[in-house]
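**Student:** mmCIF, C-alpha atoms, saved as protein33.cif, coming up:
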data_coords
loop_
_atom_site.label_atom_id
_atom_site.label_comp_id
_atom_site.auth_asym_id
_atom_site.auth_seq_id
_atom_site.Cartn_x
_atom_site.Cartn_y
_atom_site.Cartn_z
CA MET W 1 25.83 12.94 -15.98
CA LYS W 2 25.67 9.16 -16.10
CA ILE W 3 23.37 7.50 -18.59
CA ILE W 4 20.46 5.47 -17.19
CA SER W 5 21.97 2.08 -18.05
CA GLU W 6 24.96 2.90 -15.81
CA MET W 7 22.97 4.21 -12.85
CA THR W 8 22.71 2.27 -9.61
CA ARG W 9 19.32 1.96 -7.93
CA LEU W 10 20.10 4.93 -5.68
CA GLU W 11 21.30 7.06 -8.58
CA LEU W 12 18.28 6.22 -10.72
CA ALA W 13 15.91 6.94 -7.84
CA ALA W 14 17.65 10.27 -7.21
CA PHE W 15 17.50 11.09 -10.93
CA ILE W 16 13.74 10.48 -11.03
CA SER W 17 13.16 12.21 -7.70
CA SER W 18 14.98 15.35 -8.87
CA ALA W 19 13.03 15.50 -12.13
CA PHE W 20 9.79 15.55 -10.12
CA GLN W 21 11.13 18.18 -7.72
CA LYS W 22 11.82 20.41 -10.75
CA SER W 23 8.17 19.98 -11.78
CA ASN W 24 6.99 20.74 -8.23
CA ILE W 25 5.50 17.29 -7.81
CA ASP W 26 5.90 15.79 -4.36
CA ILE W 27 6.99 12.15 -4.50
CA VAL W 28 8.87 10.17 -1.84
CA LEU W 29 10.59 6.81 -2.21
CA SER W 30 9.04 4.14 -0.01
CA GLY W 31 8.73 0.34 -0.05
CA GLY W 32 11.25 -2.38 -0.83
CA SER W 33 13.77 -0.16 -2.60
CA CYS W 34 14.33 1.76 0.63
CA VAL W 35 15.28 -1.56 2.22
CA SER W 36 17.72 -2.16 -0.65
CA ILE W 37 19.26 1.30 -0.29
CA TYR W 38 19.48 1.19 3.50
CA SER W 39 20.86 -2.36 3.54
CA GLU W 40 23.40 -1.62 0.78
CA GLU W 41 21.63 -4.08 -1.51
CA LYS W 42 21.63 -7.01 0.93
CA TYR W 43 17.98 -7.18 -0.08
CA VAL W 44 17.26 -6.62 -3.76
CA SER W 45 13.94 -5.16 -4.83
CA GLY W 46 13.04 -4.82 -8.51
CA ASP W 47 10.67 -1.91 -7.94
CA LEU W 48 11.03 1.76 -7.24
CA ASP W 49 7.86 2.84 -5.43
CA PHE W 50 7.43 6.60 -5.19
CA VAL W 51 4.43 7.61 -3.10
CA ASN W 52 2.43 10.29 -4.89
CA VAL W 53 2.11 12.38 -1.72
CA MET W 54 -0.36 15.02 -2.89
CA PHE W 55 -2.35 12.86 -5.34
CA THR W 56 -0.93 14.63 -8.39
CA LYS W 57 -2.91 13.80 -11.52
CA ARG W 58 -1.63 10.81 -13.48
CA ASP W 59 -1.20 12.91 -16.66
CA ARG W 60 1.44 15.08 -14.98
CA ILE W 61 3.32 12.02 -13.74
CA ILE W 62 3.24 10.49 -17.22
CA THR W 63 4.57 13.74 -18.72
CA VAL W 64 7.60 13.79 -16.39
CA MET W 65 8.33 10.09 -16.84
CA ASP W 66 7.95 10.43 -20.60
CA SER W 67 10.55 13.23 -20.57
CA LEU W 68 12.96 10.80 -18.85
CA GLY W 69 12.33 8.12 -21.46
CA PHE W 70 10.02 5.88 -19.40
CA GLU W 71 6.93 4.29 -20.88
CA GLU W 72 3.82 3.37 -18.90
CA LYS W 73 2.46 -0.15 -19.00
CA ASN W 74 -0.19 -1.48 -16.60
CA ARG W 75 0.45 1.46 -14.25
CA TYR W 76 4.17 0.63 -14.08
CA PHE W 77 6.85 2.59 -15.88
CA ARG W 78 9.66 0.91 -17.76
CA HIS W 79 12.78 2.26 -19.44
CA PRO W 80 14.58 0.27 -22.15
CA ASP W 81 17.95 0.75 -20.42
CA THR W 82 17.07 -0.48 -16.93
CA ASN W 83 15.27 -3.43 -15.38
CA PHE W 84 13.78 -1.40 -12.55
CA LEU W 85 10.01 -0.96 -12.60
CA VAL W 86 8.82 2.40 -11.34
CA GLU W 87 5.42 2.85 -9.71
CA PHE W 88 3.60 5.75 -8.07
CA PRO W 89 1.26 4.41 -5.39
CA PRO W 90 -1.18 7.01 -4.08
CA GLY W 91 -0.74 8.90 -0.82
CA PRO W 92 -1.17 9.62 1.95
CA LEU W 93 2.43 9.06 2.95
CA GLY W 94 1.85 7.13 6.13
CA VAL W 95 2.87 4.10 8.10
CA GLY W 96 -0.18 2.41 9.56
CA GLU W 97 -2.19 4.94 11.54
CA GLU W 98 0.27 7.80 11.36
CA PRO W 99 1.59 10.22 8.74
CA VAL W 100 5.29 10.19 7.89
CA LYS W 101 6.61 13.51 9.17
CA GLN W 102 10.31 13.43 8.38
CA ILE W 103 11.60 13.00 4.83
CA ASP W 104 15.31 12.34 4.37
CA GLU W 105 17.35 13.50 1.40
CA ILE W 106 20.28 11.64 -0.13
CA LYS W 107 22.52 13.57 -2.51
CA THR W 108 24.06 11.74 -5.45
CA GLU W 109 25.76 12.84 -8.66
CA THR W 110 22.47 12.24 -10.51
CA GLY W 111 20.26 14.26 -8.16
CA ILE W 112 18.71 14.41 -4.72
CA LEU W 113 16.54 11.53 -3.55
CA ARG W 114 13.65 12.20 -1.20
CA ILE W 115 13.17 9.05 0.83
CA ILE W 116 11.49 7.90 4.06
CA SER W 117 13.89 7.65 7.00
CA PRO W 118 15.40 4.31 8.11
CA THR W 119 13.10 4.38 11.17
CA ASP W 120 9.99 4.84 8.99
CA CYS W 121 11.31 2.21 6.59
CA VAL W 122 11.40 -0.26 9.49
CA LYS W 123 7.84 0.74 10.47
CA ASP W 124 6.71 0.33 6.86
CA ARG W 125 8.11 -3.22 6.74
CA LEU W 126 6.74 -4.06 10.17
CA ALA W 127 3.26 -2.95 9.04
CA TRP W 128 3.33 -5.82 6.53
CA TYR W 129 4.44 -8.20 9.27
CA TYR W 130 1.87 -6.87 11.74
CA TYR W 131 -1.13 -6.91 9.38
CA ASP W 132 -0.29 -9.62 6.86
CA ASP W 133 1.98 -11.90 8.84
CA ASP W 134 4.65 -11.32 6.19
CA THR W 135 7.83 -12.75 7.73
CA GLU W 136 9.90 -11.67 4.72
CA CYS W 137 9.14 -8.09 5.70
CA LEU W 138 10.03 -8.87 9.31
CA HIS W 139 13.48 -9.88 8.09
CA GLN W 140 13.74 -6.75 5.96
CA ALA W 141 12.92 -4.67 9.05
CA ILE W 142 15.69 -6.44 10.95
CA LEU W 143 18.11 -5.94 8.05
CA VAL W 144 17.52 -2.17 7.97
CA SER W 145 17.78 -1.98 11.76
CA LYS W 146 21.14 -3.73 11.60
CA CYS W 147 22.55 -1.55 8.81
CA GLN W 148 21.22 1.89 9.84
CA PRO W 149 20.74 3.81 13.06
CA VAL W 150 17.01 3.49 13.84
CA ASP W 151 14.96 4.80 16.74
CA LEU W 152 13.70 1.66 18.46
CA VAL W 153 11.94 3.67 21.17
CA GLU W 154 9.92 5.45 18.47
CA ILE W 155 9.17 2.16 16.71
CA GLU W 156 7.94 0.71 19.99
CA ARG W 157 5.69 3.76 20.55
CA TRP W 158 4.29 3.43 17.03
CA SER W 159 3.71 -0.30 17.52
CA ARG W 160 1.73 0.51 20.66
CA VAL W 161 -0.47 2.93 18.69
CA GLU W 162 -1.03 0.16 16.14
CA ASP W 163 -1.94 -2.16 19.04
CA LYS W 164 0.85 -4.54 18.03
CA THR W 165 3.09 -4.49 21.08
CA ASP W 166 3.29 -8.30 21.17
CA LEU W 167 4.54 -8.46 17.61
CA PHE W 168 7.02 -5.65 18.29
CA LYS W 169 8.48 -7.84 21.04
CA GLU W 170 8.86 -10.64 18.49
CA PHE W 171 10.68 -8.23 16.18
CA LEU W 172 12.95 -7.11 19.00
CA LYS W 173 13.71 -10.70 19.98
CA GLU W 174 14.65 -11.58 16.38
CA PHE W 175 16.64 -8.38 16.01
CA LYS W 176 18.70 -9.04 19.16
CA LYS W 177 19.27 -12.63 18.08
CA ARG W 178 20.89 -11.39 14.88
CA PHE W 179 22.73 -8.35 16.21
CA MET Y 1 -26.30 6.93 2.52
CA LEU Y 2 -22.76 7.95 1.59
CA GLU Y 3 -23.25 8.44 -2.13
CA PRO Y 4 -22.90 12.24 -1.85
CA ILE Y 5 -19.48 11.71 -0.25
CA LEU Y 6 -18.26 8.70 -2.23
CA GLY Y 7 -19.68 9.90 -5.54
CA SER Y 8 -20.99 6.46 -6.45
CA LYS Y 9 -23.70 4.14 -5.21
CA ASN Y 10 -21.64 1.09 -6.15
CA ALA Y 11 -18.60 2.38 -4.23
CA GLU Y 12 -20.78 2.48 -1.12
CA ARG Y 13 -22.14 -1.00 -1.86
CA VAL Y 14 -18.63 -2.42 -2.32
CA LEU Y 15 -17.35 -0.87 0.89
CA LEU Y 16 -20.37 -1.93 2.95
CA TYR Y 17 -20.12 -5.46 1.63
CA LEU Y 18 -16.43 -5.70 2.56
CA LEU Y 19 -17.09 -4.12 5.94
CA ALA Y 20 -19.69 -6.77 6.73
CA ARG Y 21 -18.06 -9.80 5.10
CA GLN Y 22 -14.34 -8.89 5.40
CA GLN Y 23 -13.70 -10.00 1.81
CA GLY Y 24 -15.43 -10.43 -1.50
CA TYR Y 25 -15.08 -10.77 -5.26
CA THR Y 26 -16.73 -8.91 -8.10
CA ARG Y 27 -19.53 -11.33 -9.06
CA GLU Y 28 -20.41 -12.10 -5.45
CA ILE Y 29 -20.72 -8.43 -4.53
CA ALA Y 30 -22.62 -7.58 -7.72
CA ARG Y 31 -25.01 -10.51 -7.18
CA PHE Y 32 -25.67 -9.50 -3.58
CA TRP Y 33 -26.68 -5.97 -4.54
CA GLY Y 34 -28.22 -6.83 -7.90
CA ALA Y 35 -25.69 -4.51 -9.47
CA ASP Y 36 -23.86 -4.53 -12.77
CA PRO Y 37 -20.62 -6.58 -12.35
CA ASP Y 38 -18.67 -4.22 -14.60
CA SER Y 39 -19.60 -1.22 -12.43
CA VAL Y 40 -18.72 -3.12 -9.25
CA HIS Y 41 -15.40 -4.21 -10.77
CA LYS Y 42 -14.67 -0.61 -11.76
CA GLN Y 43 -15.19 0.54 -8.16
CA LEU Y 44 -13.10 -2.30 -6.73
CA SER Y 45 -10.24 -1.43 -9.10
CA ARG Y 46 -10.52 2.26 -8.34
CA LEU Y 47 -10.47 1.67 -4.57
CA GLU Y 48 -7.52 -0.69 -4.93
CA ARG Y 49 -5.58 1.85 -7.00
CA GLY Y 50 -6.29 4.39 -4.27
CA GLY Y 51 -4.84 2.12 -1.59
CA VAL Y 52 -8.17 1.64 0.22
CA LEU Y 53 -8.44 -2.03 -0.75
CA ASP Y 54 -5.98 -4.73 -1.63
CA SER Y 55 -6.50 -8.03 -3.37
CA ARG Y 56 -5.12 -11.50 -3.90
CA SER Y 57 -5.77 -14.26 -6.40
CA ALA Y 58 -7.51 -17.50 -5.45
CA GLY Y 59 -7.52 -19.64 -8.56
CA ARG Y 60 -9.09 -17.48 -11.24
CA THR Y 61 -10.86 -15.23 -8.77
CA ARG Y 62 -9.54 -11.94 -7.40
CA ILE Y 63 -10.56 -11.48 -3.78
CA TYR Y 64 -10.67 -7.98 -2.31
CA ARG Y 65 -10.53 -6.76 1.28
CA PHE Y 66 -9.78 -3.53 3.13
CA ASN Y 67 -6.08 -2.68 3.02
CA PRO Y 68 -5.13 -2.94 6.71
CA ARG Y 69 -2.26 -0.50 6.16
CA TYR Y 70 -4.48 2.26 4.73
CA SER Y 71 -3.95 5.31 6.95
CA PHE Y 72 -7.64 6.16 7.35
CA ILE Y 73 -8.91 2.62 7.75
CA LYS Y 74 -10.30 2.99 11.29
CA GLU Y 75 -12.07 6.23 10.48
CA LEU Y 76 -13.46 4.88 7.20
CA LYS Y 77 -14.80 1.76 8.88
CA ALA Y 78 -16.38 3.85 11.63
CA LEU Y 79 -18.14 5.98 9.01
CA LEU Y 80 -19.32 2.91 7.10
CA SER Y 81 -20.56 1.26 10.30
CA LYS Y 82 -22.62 4.32 11.08
CA ALA Y 83 -23.99 4.40 7.54
CA LEU Y 84 -24.89 0.71 7.78
CA SER Y 85 -26.83 1.37 11.00
CA PHE Y 86 -29.12 3.67 8.99
CA TYR Y 87 -30.03 0.88 6.57
CA PRO Y 88 -33.32 -0.99 7.15
CA GLN Y 89 -32.91 -3.87 9.59
CA ASN Y 90 -33.59 -6.52 6.94
CA GLU Y 91 -30.83 -5.09 4.74
CA GLN Y 92 -28.42 -5.08 7.69
CA ASP Y 93 -29.32 -8.70 8.47
CA ARG Y 94 -28.88 -9.71 4.84
CA LEU Y 95 -25.36 -8.26 4.92
CA LEU Y 96 -24.30 -9.39 8.36
CA VAL Y 97 -25.88 -12.83 8.74
CA PHE Y 98 -24.19 -15.30 6.43
CA ARG Y 99 -22.58 -18.71 6.39
CA ARG Y 100 -18.78 -18.79 6.60
CA ARG Y 101 -18.26 -22.34 7.84
CA PRO Y 102 -17.19 -24.89 5.24
CA ARG Y 103 -19.47 -27.29 3.40
CA ARG Y 104 -17.99 -30.52 2.14
CA LYS Y 105 -17.89 -30.87 -1.64
CA ASP Y 106 -20.77 -32.95 -3.08
CA LYS Y 107 -22.62 -32.96 0.25
CA PRO Y 108 -26.37 -33.22 -0.46
CA LEU Y 109 -28.27 -30.17 0.75
#
Translate the structure of the given file into structure tokens.
**Tutor:**
Amino acid sequence: MKIISEMTRLELAAFISSAFQKSNIDIVLSGGSCVSIYSEEKYVSGDLDFVNVMFTKRDRIITVMDSLGFEEKNRYFRHPDTNFLVEFPPGPLGVGEEPVKQIDEIKTETGILRIISPTDCVKDRLAWYYYDDDTECLHQAILVSKCQPVDLVEIERWSRVEDKTDLFKEFLKEFKKRF
Amino acid sequence: MLEPILGSKNAERVLLYLLARQQGYTREIARFWGADPDSVHKQLSRLERGGVLDSRSAGRTRIYRFNPRYSFIKELKALLSKALSFYPQNEQDRLLVFRRRPRRKDKPL
């Protein structure tokens, strides 16, 4: 097994994810690190955000992270051998109005990572664009859509539910421009 | 109204304030309700940690609002709106009728 200082983002995330699976704690990687993983690091996030799906008590999370050598500071976890900050935002695991139903798994030599799908990753980024006018996230959504197979029909349906069809069209226009 | 569900009077006050005014900061919310700022701050922090609210800095002030990406936001706002309709009319007016337009600095009242 690799030591933490030699792990890539994906390997570290899988290492942490597996430790939580062994403790029967449901966490799923979401946020910017999914963009990094799905875009093969064309976008670099410094955080690993694992959604605490079933609102597991903080003490149990601290116990697992402590066993991996991470220390909590201001609700983030740090390890002396890596620059990644690890956080556990609370559930529910959703994108906008809807729950995330499909969780993907990526196997690595350090463990199995439970992660939202590329399609949900795009929705997650678009939610920031839709509700906060965050154009950086719009570009992240385009980046993932370019690097991974995503279900654009499903993303359009979801955008309709969110009442953001106009902004979905903007996304599609930008996506086609760059594809 | 919702204290039995929310478990805290100040949580209800914070949420109703943000429902009516869209945004707010600790001292402003505490002053409006005549509540202890520390208790209001505690509820704001708790609701932010839970993903219900988010916040941004404006100078030295932290301004809170509903997190538009929170999965239950529509349902929560509907519940709060109903709770607000049970408040006395003068309390509703006090929350809902307020000045948002700008006032030039140093303008005499």
**Student:** Just need the residues of chain W within 8 Å of chain Y, counting all atoms listed in the file, so spit them out as a list of chain:residue names.
**Tutor:**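 Selected residues: W:Pro89, W:Pro90, W:Gly91, W:Pro92, W:Gly94, W:Val95, W:Gly96, W:Glu97, W:Glu98, W:Pro99, W:Ala127, W:Trp128, W:Tyr131.
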**Student:** Could you spell out the hits of the PyMOL selection byres ((chain W and resi 111-120) around 6) on the shown file, as a list of chain:residue names?
**Tutor:**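 Checking the PyMOL selection byres ((chain W and resi 111-120) around 6) against this file, the residues are W:Ala14, W:Phe15, W:Ser17, W:Ser18, W:Val28, W:Leu29, W:Ile103, W:Asp104, W:Glu105, W:Ile106, W:Lys107, W:Thr108, W:Glu109, W:Thr110, W:Cys121, W:Val122, W:Lys123, W:Asp124, W:Val150, W:Asp151.
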**Student:** Would you put the residues from that selection into a file with C-alpha atoms, as a PDB file, in the frame of the given file?
**Tutor:**
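Final file, selection32.pdb:
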ATOM      1  CA  ALA W  14      17.650  10.270  -7.210  1.00  0.00           C
ATOM      2  CA  PHE W  15      17.500  11.090 -10.930  1.00  0.00           C
ATOM      3  CA  SER W  17      13.160  12.210  -7.700  1.00  0.00           C
ATOM      4  CA  SER W  18      14.980  15.350  -8.870  1.00  0.00           C
ATOM      5  CA  VAL W  28       8.870  10.170  -1.840  1.00  0.00           C
ATOM      6  CA  LEU W  29      10.590   6.810  -2.210  1.00  0.00           C
ATOM      7  CA  ILE W 103      11.600  13.000   4.830  1.00  0.00           C
ATOM      8  CA  ASP W 104      15.310  12.340   4.370  1.00  0.00           C
ATOM      9  CA  GLU W 105      17.350  13.500   1.400  1.00  0.00           C
ATOM     10  CA  ILE W 106      20.280  11.640  -0.130  1.00  0.00           C
ATOM     11  CA  LYS W 107      22.520  13.570  -2.510  1.00  0.00           C
ATOM     12  CA  THR W 108      24.060  11.740  -5.450  1.00  0.00           C
ATOM     13  CA  GLU W 109      25.760  12.840  -8.660  1.00  0.00           C
ATOM     14  CA  THR W 110      22.470  12.240 -10.510  1.00  0.00           C
ATOM     15  CA  CYS W 121      11.310   2.210   6.590  1.00  0.00           C
ATOM     16  CA  VAL W 122      11.400  -0.260   9.490  1.00  0.00           C
ATOM     17  CA  LYS W 123       7.840   0.740  10.470  1.00  0.00           C
ATOM     18  CA  ASP W 124       6.710   0.330   6.860  1.00  0.00           C
ATOM     19  CA  VAL W 150      17.010   3.490  13.840  1.00  0.00           C
ATOM     20  CA  ASP W 151      14.960   4.800  16.740  1.00  0.00           C
TER      21      ASP W 151
END
**Student:** Evaluate the PyMOL selection byres ((chain W and resi 33) around 12) against this structure - the residues, as an NGL selection string, please.
**Tutor:** :W and (8-10 or 12-13 or 28-32 or 34-50 or 84-87 or 115-116 or 118 or 121 or 124-125 or 140 or 144)
**Student:** Given the file above and the PyMOL selection byres ((chain Y and resi 14-23) around 10), which residues are selected, and can you give them as a ChimeraX atom specification?
**Tutor:** /Y:9-13,24-26,28-30,32-33,40-41,43-44,47,52-55,63-66,76-78,80-81,83-84,92-98,100
**Student:** One decimal, Å: what's the distance from CA of Leu172 in chain W over to CA of Pro149 in chain W, could you say?
**Tutor:** 14.7 Å
